[in-house]
Amino acid sequence: MTGPDLELEERLRKLGPSFKNAIQPPATLHVKVMASTTVPMRRASIVRELSLAAALVLFVGLLAFGFSKLHRLTPAPVKTSPHPTATAIPWTPTPMVLSSSSAQQVTPAEATTLIGRTVLTVDPLLVPGAIGDDYQAQLVADAKSFTVDYASGTRHAAVELTTVAQRMAGPEAGGQRTSRSFRGAEASYQVDDGTPAAARSLSWTEPSTNRAVPYTLLADGLTETEFWQVANSLHALMGAAQLRPCQASDLRAAAGKAGAATGGQLYNSIEFSNHSSTPCRLEGTPRLQLMRTSGGSVALPQSDMGVPWAPGAPGAVVMDAGAPAPAPTAGQLNPSGQATVVFIMYDCPGPEPALSRVAVVLPNGRGTISVPAGSDVVFSQGAACDANGSVHSISVSPFSALMPQPNWVEKSPLTITLRLPDRVRAGQALAYDVTLTNASDAPFRFHDCPSYVEDASRTGAKNVATYQLNCASVGWLAPNQSVTFAMALDIPASTPPGPGRLRWSMGSAYGSAEALGSVTVAAP
C-alpha cells in the first residue's frame, strides 16, 4: 500500500490505544479497512460493492462505537517456499464474508459461565462436564448460539461443541457413519478413518419444550472411549433465561463517573450489583426520574439508545448472588459492579437544574431504586445546545453487563507460506499457491472459512482483491499438517514492470495472520 492508502491504515492504527478498555469489534476490522480501498479488476462490480459496503460499515462503526479496540493483523512466519504436500484446492472467486464476532480465550470453567450468561434462546443449554483442567477453551457466543473449542495443552487432542449447523464431509477409507440413539434423539455418528484416535462427530437435535436445538460434538485425537466419556458428560446448564428477574430490593446501585463523547455529549452511568442470596437476571431498559435539589422532578422526554461500547442486540445480565456494592471508577469498566445503565441528557438553554437523586424504575413493575446524583451526573452541552437551541431529552440504554476486558483470540494458529512464480506478465493473471500449516499443539478445524486479502499494490498502481477461502472440504488439521490453496490475482496491463511484493492476509473470528512474497512483473 502506498500514498493515501498507507496514510489511512496508519491513522486507524494510531486510534487503537484509545479503545483498549472497551468491547472488541470483529477480528476482521483490519480486513474491512483493506477492503475499503479495493480497486476492481475483472469481476469488478461485486468487488466494488463489497468494498463500498465494508468502508461504510467501518465509517459508521468508528463514529458510533468509538470505544472499540482495533485489531491488527499478526504477521506469520514466511518460510522458504516448499513444494505443496498435496494437490492444491482450486481457487474460487467467493465474495468476502466478514466475521461478526471474535473468539475469547478462556478456561473451560469460564467458558461454561460465559455460555450461561450470553446464550439466551437455546434450551436446553448443554455443556460437557468431562473436559480436563489441561484444556483451554475458545468461545464464540451470542444470544442465539455458541461454539466452544477445547484444546489440550498436554496432548494432540481437541473437542468442539456447537449449536451452529455443520456441513460434514463423508468418512474416509476405514471410517464409517452410523445412526444411533443419543439423549432421546436419533443421532448421526461418524468416525473419519480407521485409526484409534480418528476424528469423530456426533450430530443430533436436542428435544425441547420450546424449539428443538441442533447440536454437534466433534473431536480429534480422542479414542472411542474418551469421546463417549465427553458425550455422556453433557448436561443442561441453568442460563440467564432460567433465572428469576431481579427486584429492586435485590439491588444496590451507585452513580458512575461521567465520560465525554463527541459533539459535547457526556455519558452518565449507574452501576448495579445483587446483594441477595440467590442469582437473578436484569434485562430491558429502565425509566429514569431526575429529582431536583430544590424539590420536585425534571420532566425530560425519554428515548432509547444502545450501549456505546457494546453494539448488538441487548440481552439479559446474570447478577450473581452476594455481590458487594458497586464502586465505580472513572474511565474503567469496574468489575465490582455487575451491570450498568448508560444515559445522556440535555436541558438547554440553561440554567441546568441541580440534581439530588436519580430514581431507576425497573421494567415490568419490579420496583424502584434511587441513587444520589451529586457531581457525578451531568447534562450534555455542545452543538445541540449552541445558539440557544431548545433541547430537553434523556436517552437511556438497556441494562448491560460489566465484565473485565476479554482475552480475545488475535493470532491465528495457522502459519502462511506463499509459493509464487519468479515473474508474471502485466495483463495476465498471477497464479500461485498459499499453504496454511497448523503451528499449534492441538488439532485445528476451520469453523467458517476465513476472508482473505491479496495486495500486489505498488507506487502508482493499486491492486487489491478480497475473497473468502474455499475451505469447505478441509477437515481437521493435525499439528504441523498443511493444506494448500490455489490463488489467482489479475495483474493489470498498466502495472509498471519490475520487482514488487505480494501481501496475503486472512482474518476470522479465530485470529488473523499475513505473509509477504516477491514477484517480478514483466512488460506486456
# chains A, B, ... in the order shown; residues from 1 in each chain; ligands from 1
call {"tool": "residues_around", "arguments": {"residues": "Val474 in chain A", "least_positions_apart": "5", "cutoff": "8 Å", "atoms": "only C-alpha atoms", "output": "VMD selection string"}}
result
chain A and resid 445 to 446 483
call {"tool": "write_last_selection", "arguments": {"atoms": "N, CA, C and O atoms", "output": "PDB file, in the first residue's frame"}}
result
ATOM      1  N   ARG A 445      -9.556 -27.007  13.267  1.00  0.00           N
ATOM      2  CA  ARG A 445     -10.638 -27.180  12.302  1.00  0.00           C
ATOM      3  C   ARG A 445     -11.187 -25.823  11.901  1.00  0.00           C
ATOM      4  O   ARG A 445     -11.414 -24.962  12.752  1.00  0.00           O
ATOM      5  N   PHE A 446     -11.369 -25.608  10.598  1.00  0.00           N
ATOM      6  CA  PHE A 446     -11.999 -24.377  10.132  1.00  0.00           C
ATOM      7  C   PHE A 446     -13.460 -24.366  10.569  1.00  0.00           C
ATOM      8  O   PHE A 446     -14.192 -25.324  10.346  1.00  0.00           O
ATOM      9  N   VAL A 483      -2.393 -27.549   4.444  1.00  0.00           N
ATOM     10  CA  VAL A 483      -3.330 -27.628   3.336  1.00  0.00           C
ATOM     11  C   VAL A 483      -2.987 -26.482   2.387  1.00  0.00           C
ATOM     12  O   VAL A 483      -2.644 -25.380   2.814  1.00  0.00           O
TER      13      VAL A 483
END
call {"tool": "closest_atom_pairs", "arguments": {"of": "range 272-370 of chain A", "to": "range 220-241 of chain A", "cutoff": "8 Å", "atoms": "only C-alpha atoms", "output": "JSON lines"}}
result
{"residue": "A:Cys280", "atom": "CA", "partner": "A:Ala240", "partner_atom": "CA", "distance": 7.9}
{"residue": "A:Arg281", "atom": "CA", "partner": "A:Ala240", "partner_atom": "CA", "distance": 6.2}
{"residue": "A:Ala316", "atom": "CA", "partner": "A:Ala240", "partner_atom": "CA", "distance": 6.5}
{"residue": "A:Val317", "atom": "CA", "partner": "A:Ala240", "partner_atom": "CA", "distance": 7.1}
{"residue": "A:Val318", "atom": "CA", "partner": "A:Ala240", "partner_atom": "CA", "distance": 5.7}
call {"tool": "closest_residue", "arguments": {"among": "A:Thr113, A:Ser505, A:Ser152, A:Ser203", "to": "Arg167 in chain A", "atoms": "only C-alpha atoms"}}
result
A:Ser203
call {"tool": "closest_residue", "arguments": {"among": "A:Ala323, A:Ala258, A:Ala401, A:Val307", "to": "Met345 in chain A", "atoms": "only C-alpha atoms"}}
result
A:Ala258
call {"tool": "closest_residue", "arguments": {"among": "A:Gly174, A:Thr278, A:Phe182, A:Gly475", "to": "Gly194 in chain A", "atoms": "only C-alpha atoms"}}
result
A:Gly174
call {"tool": "atom_distance", "arguments": {"atom1": "CA of His392 in chain A", "atom2": "CA of Val358 in chain A"}}
result
16.6 Å
call {"tool": "select_by_dssp", "arguments": {"residues": "range 274-477 of chain A", "states": "helix (DSSP H, G or I)", "output": "PyMOL selection string"}}
result
chain A and resi 363-365+382-388
call {"tool": "select_by_dssp", "arguments": {"residues": "range 90-302 of chain A", "states": "strand (DSSP E or B)", "output": "ChimeraX atom specification"}}
result
/A:104-106,125-127,135-141,146-152,158-162,174-182,185-193,200-206,213-220,235-237,245,251-255,259-260,266-274,280-282,287-292,297-298,302
call {"tool": "residues_around", "arguments": {"residues": "Pro363 in chain A", "least_positions_apart": "2", "cutoff": "10 Å", "atoms": "only C-alpha atoms", "output": "list in words"}}
result
Gln247, Leu282, Glu283, Gly284, Thr285, Pro286, Arg287, Val360, Val361, Gly365, Arg366, Gly367 and Thr368 of chain A
call {"tool": "closest_residue", "arguments": {"among": "A:Ile369, A:Ile115, A:Val298, A:Ile270", "to": "Ser356 in chain A", "atoms": "only C-alpha atoms"}}
result
A:Val298
call {"tool": "residues_around", "arguments": {"residues": "Ser303 in chain A", "least_positions_apart": "2", "cutoff": "10 Å", "atoms": "only C-alpha atoms", "output": "list in words"}}
result
Thr285, Arg287, Leu300, Pro301, Met305, Phe343, Ile344, Ser393, Ile394, Ser395, Val396 and Ser397 of chain A
call {"tool": "closest_residue", "arguments": {"among": "A:Leu98, A:Asp250, A:Leu218, A:Arg200", "to": "Gln468 in chain A", "atoms": "only C-alpha atoms"}}
result
A:Leu98
